[in-house]
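Notes for the one structure printed next.
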Amino acid sequence: MEMQPYGSQQESEGWLGKTERWAIIGTLVVVGMTSYHLITAEREILPASLGGLTLSEKFSGRAAQHMVNHLHGRAVAAPENSIGFYRGETGDATLYVSLYSTHQDARKTGENLAERIRKGNPIFSDYQELQVAHQPVVECRGLDQRHYFFAFESRLYWLAVDENLAQQTVEHLIAQLHRGGRSS
């Protein structure tokens, strides 16, 4: 048996040759890129457009959490939130999305909000429970806009939209969610 010096071609390749190693590296790169795309696509929960309005500004993480808490005057925000500001020639909308651990947590938070508004609220009036494309939705009016909120999967959505765009915007949002898409 012929001895090979340490670090020789045969010893450095071990049981894998160059071709096999490059194939494994290539596979790992493809899997990593695909995983990154799936994770970031799932985290991008704000649609690019809503009922003719275009996403003009967005906040997430601590900034969004701070904005939600400031809006309520106390710490009420879920650990993970996103806020999108939508603009168009005919009006504006704001979409607040809070992520919870489970659908039950999101639904329960939505039920608590509904109960407080239903009992009477100095800011919101005209409380109604609706079905929009088979999605249970609460609608109310306040601050010169219509407001819609509902739980979908493990998220709680709150849409504040100018009156003239209200119906088309909430329908577009719910259609996107039910299609599994986040934009269009």
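Lettering and numbering for the structure tokens are positional, with chains as A, B, ... in the shown order, residues counted from 1 in each chain, and ligands counted from 1 in the shown order.
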
Check your understanding: Residues at most 12 Å from Gln131 of chain A, counting only C-alpha atoms, excluding those fewer than 3 positions away in the same chain, as a PyMOL selection string?
Key -> chain A and resi 128+134-139+148-150+167+170-171+174

Let's have the selection written as an mmCIF file, in the first residue's frame, with C-alpha atoms.
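Output file out-v7.cif follows:
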```cif
data_model
loop_
_atom_site.group_PDB
_atom_site.id
_atom_site.type_symbol
_atom_site.label_atom_id
_atom_site.label_comp_id
_atom_site.auth_asym_id
_atom_site.auth_seq_id
_atom_site.Cartn_x
_atom_site.Cartn_y
_atom_site.Cartn_z
ATOM 1 C CA GLN A 128 -72.078 46.857 13.209
ATOM 2 C CA HIS A 134 -67.631 35.203 4.402
ATOM 3 C CA GLN A 135 -65.249 36.947 6.813
ATOM 4 C CA PRO A 136 -66.773 38.218 10.083
ATOM 5 C CA VAL A 137 -65.890 41.920 10.351
ATOM 6 C CA VAL A 138 -66.740 44.672 12.825
ATOM 7 C CA GLU A 139 -67.410 48.082 11.318
ATOM 8 C CA TYR A 148 -63.045 47.676 10.133
ATOM 9 C CA PHE A 149 -61.413 45.078 12.309
ATOM 10 C CA PHE A 150 -61.256 41.311 12.249
ATOM 11 C CA GLN A 167 -66.347 49.326 0.961
ATOM 12 C CA VAL A 170 -62.114 46.363 2.940
ATOM 13 C CA GLU A 171 -63.371 44.006 0.211
ATOM 14 C CA ILE A 174 -60.201 40.466 2.547
#
```

**Study point:** All residues 12 Å or closer to segment 59-72 of chain A, only C-alpha atoms, same chain fewer than 4 positions away omitted, as an MDAnalysis selection string
**Key:** chainID A and resid 43:46 55 76:85 94:99 113 123 158

Those residues you just picked out, can you put them in a file as a tab-separated table (two decimals), in the first residue's frame with N, CA and C atoms?
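selection21.tsv was written with the following content:
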```tsv
chain	number	residue	atom	x	y	z
A	43	ARG	N	-43.42	37.33	6.54
A	43	ARG	CA	-43.34	38.48	7.44
A	43	ARG	C	-43.88	39.75	6.76
A	44	GLU	N	-43.86	39.80	5.44
A	44	GLU	CA	-44.37	40.97	4.73
A	44	GLU	C	-45.89	40.84	4.65
A	45	ILE	N	-46.56	41.37	5.65
A	45	ILE	CA	-48.00	41.16	5.77
A	45	ILE	C	-48.82	42.34	5.28
A	46	LEU	N	-48.17	43.41	4.89
A	46	LEU	CA	-48.89	44.57	4.38
A	46	LEU	C	-48.99	44.48	2.86
A	55	LEU	N	-49.46	51.62	-1.02
A	55	LEU	CA	-48.69	51.69	0.22
A	55	LEU	C	-47.61	52.75	0.07
A	76	VAL	N	-50.78	48.46	24.90
A	76	VAL	CA	-51.79	47.47	24.49
A	76	VAL	C	-51.34	46.65	23.29
A	77	ALA	N	-50.27	47.05	22.63
A	77	ALA	CA	-49.85	46.43	21.38
A	77	ALA	C	-49.36	45.00	21.57
A	78	ALA	N	-49.64	44.19	20.57
A	78	ALA	CA	-49.11	42.83	20.52
A	78	ALA	C	-47.58	42.93	20.38
A	79	PRO	N	-46.87	41.85	20.65
A	79	PRO	CA	-45.41	41.91	20.53
A	79	PRO	C	-44.92	42.25	19.11
A	80	GLU	N	-45.67	41.85	18.08
A	80	GLU	CA	-45.24	42.12	16.71
A	80	GLU	C	-46.37	42.80	15.95
A	81	ASN	N	-46.07	43.95	15.34
A	81	ASN	CA	-47.07	44.77	14.65
A	81	ASN	C	-46.50	45.33	13.36
A	82	SER	N	-47.40	45.64	12.44
A	82	SER	CA	-47.04	46.36	11.22
A	82	SER	C	-48.12	47.39	10.97
A	83	ILE	N	-47.71	48.54	10.46
A	83	ILE	CA	-48.64	49.61	10.13
A	83	ILE	C	-48.30	50.09	8.73
A	84	GLY	N	-49.34	50.16	7.88
A	84	GLY	CA	-49.16	50.66	6.53
A	84	GLY	C	-50.03	51.87	6.28
A	85	PHE	N	-49.45	52.89	5.67
A	85	PHE	CA	-50.19	54.09	5.28
A	85	PHE	C	-50.37	54.04	3.77
A	94	THR	N	-55.26	53.59	6.56
A	94	THR	CA	-54.18	53.07	7.40
A	94	THR	C	-54.56	51.65	7.79
A	95	LEU	N	-53.62	50.74	7.66
A	95	LEU	CA	-53.85	49.34	8.03
A	95	LEU	C	-52.92	48.99	9.18
A	96	TYR	N	-53.51	48.56	10.29
A	96	TYR	CA	-52.76	48.10	11.46
A	96	TYR	C	-52.90	46.58	11.51
A	97	VAL	N	-51.79	45.88	11.64
A	97	VAL	CA	-51.81	44.43	11.73
A	97	VAL	C	-51.00	44.02	12.95
A	98	SER	N	-51.64	43.27	13.84
A	98	SER	CA	-50.97	42.76	15.04
A	98	SER	C	-50.89	41.25	14.93
A	99	LEU	N	-49.71	40.70	15.17
A	99	LEU	CA	-49.49	39.27	15.09
A	99	LEU	C	-49.54	38.66	16.48
A	113	LEU	N	-62.04	44.18	21.85
A	113	LEU	CA	-62.20	45.49	21.22
A	113	LEU	C	-63.66	45.73	20.87
A	123	ILE	N	-65.18	57.87	20.85
A	123	ILE	CA	-64.53	58.06	19.56
A	123	ILE	C	-65.27	57.33	18.43
A	158	TRP	N	-56.87	45.94	11.57
A	158	TRP	CA	-57.71	47.12	11.80
A	158	TRP	C	-57.44	48.05	10.63
```

**Study point:** Exercise: Gly110 of chain A partners within 7 Å, only C-alpha atoms, chain neighbours under 2 positions left out, as a list of chain:residue names
**Key:** A:Ala106, A:Arg107, A:Lys108, A:Asn112, A:Leu113, A:Ala114, A:Phe150, A:Ala151, A:Leu156

Exercise for review: For atom CA of Cys140 of chain A and atom CA of Ala75 of chain A, quote the distance in Å rounded to one decimal.
Suggested key: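 Atom CA of Ala75 of chain A lies 22.8 Å from atom CA of Cys140 of chain A.
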
Check your understanding: What is the distance, in Å and to one decimal place, between atom CA of Phe152 of chain A and atom CA of Arg116 of chain A?
Key ->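 Pair atom CA of Phe152 of chain A / atom CA of Arg116 of chain A returns 20.0 Å.
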
Exercise for review: Based on DSSP run over this structure's backbone, return all residues of segment 31-136 of chain A in strand (DSSP E), as a VMD selection string.
Suggested key: chain A and resid 49 to 50 53 to 60 80 to 88 91 to 99 125 to 132 135 to 136

Take the residues from that selection and put them in a file with C-alpha atoms, as a short mmCIF file (atom, residue, chain, number, x, y, z; two decimals), in the first residue's frame.
```
data_model
loop_
_atom_site.label_atom_id
_atom_site.label_comp_id
_atom_site.auth_asym_id
_atom_site.auth_seq_id
_atom_site.Cartn_x
_atom_site.Cartn_y
_atom_site.Cartn_z
CA SER A 49 -52.09 48.21 -2.58
CA LEU A 50 -55.60 48.36 -1.15
CA LEU A 53 -54.59 53.03 -2.82
CA THR A 54 -50.84 52.48 -2.81
CA LEU A 55 -48.69 51.69 0.22
CA SER A 56 -46.72 54.89 0.79
CA GLU A 57 -45.12 54.28 4.18
CA LYS A 58 -44.82 51.35 6.55
CA PHE A 59 -43.59 50.66 10.05
CA SER A 60 -42.94 47.42 11.90
CA GLU A 80 -45.24 42.12 16.71
CA ASN A 81 -47.07 44.77 14.65
CA SER A 82 -47.04 46.36 11.22
CA ILE A 83 -48.64 49.61 10.13
CA GLY A 84 -49.16 50.66 6.53
CA PHE A 85 -50.19 54.09 5.28
CA TYR A 86 -51.97 54.03 1.92
CA ARG A 87 -52.49 57.02 -0.34
CA GLY A 88 -54.42 57.68 -3.51
CA GLY A 91 -58.37 59.32 -0.23
CA ASP A 92 -56.25 57.57 2.37
CA ALA A 93 -56.25 54.51 4.58
CA THR A 94 -54.18 53.07 7.40
CA LEU A 95 -53.85 49.34 8.03
CA TYR A 96 -52.76 48.10 11.46
CA VAL A 97 -51.81 44.43 11.73
CA SER A 98 -50.97 42.76 15.04
CA LEU A 99 -49.49 39.27 15.09
CA SER A 125 -70.06 55.01 16.79
CA ASP A 126 -72.40 53.10 14.45
CA TYR A 127 -71.11 49.69 15.58
CA GLN A 128 -72.08 46.86 13.21
CA GLU A 129 -71.10 43.24 12.73
CA LEU A 130 -70.84 42.30 9.04
CA GLN A 131 -69.82 39.48 6.75
CA VAL A 132 -67.46 40.54 3.98
CA GLN A 135 -65.25 36.95 6.81
CA PRO A 136 -66.77 38.22 10.08
#
```

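Counting only C-alpha atoms, the residue from A:Ala175, A:Gln145, A:Glu111, A:Tyr100 that sits nearest to Ala133 of chain A is A:Ala175.
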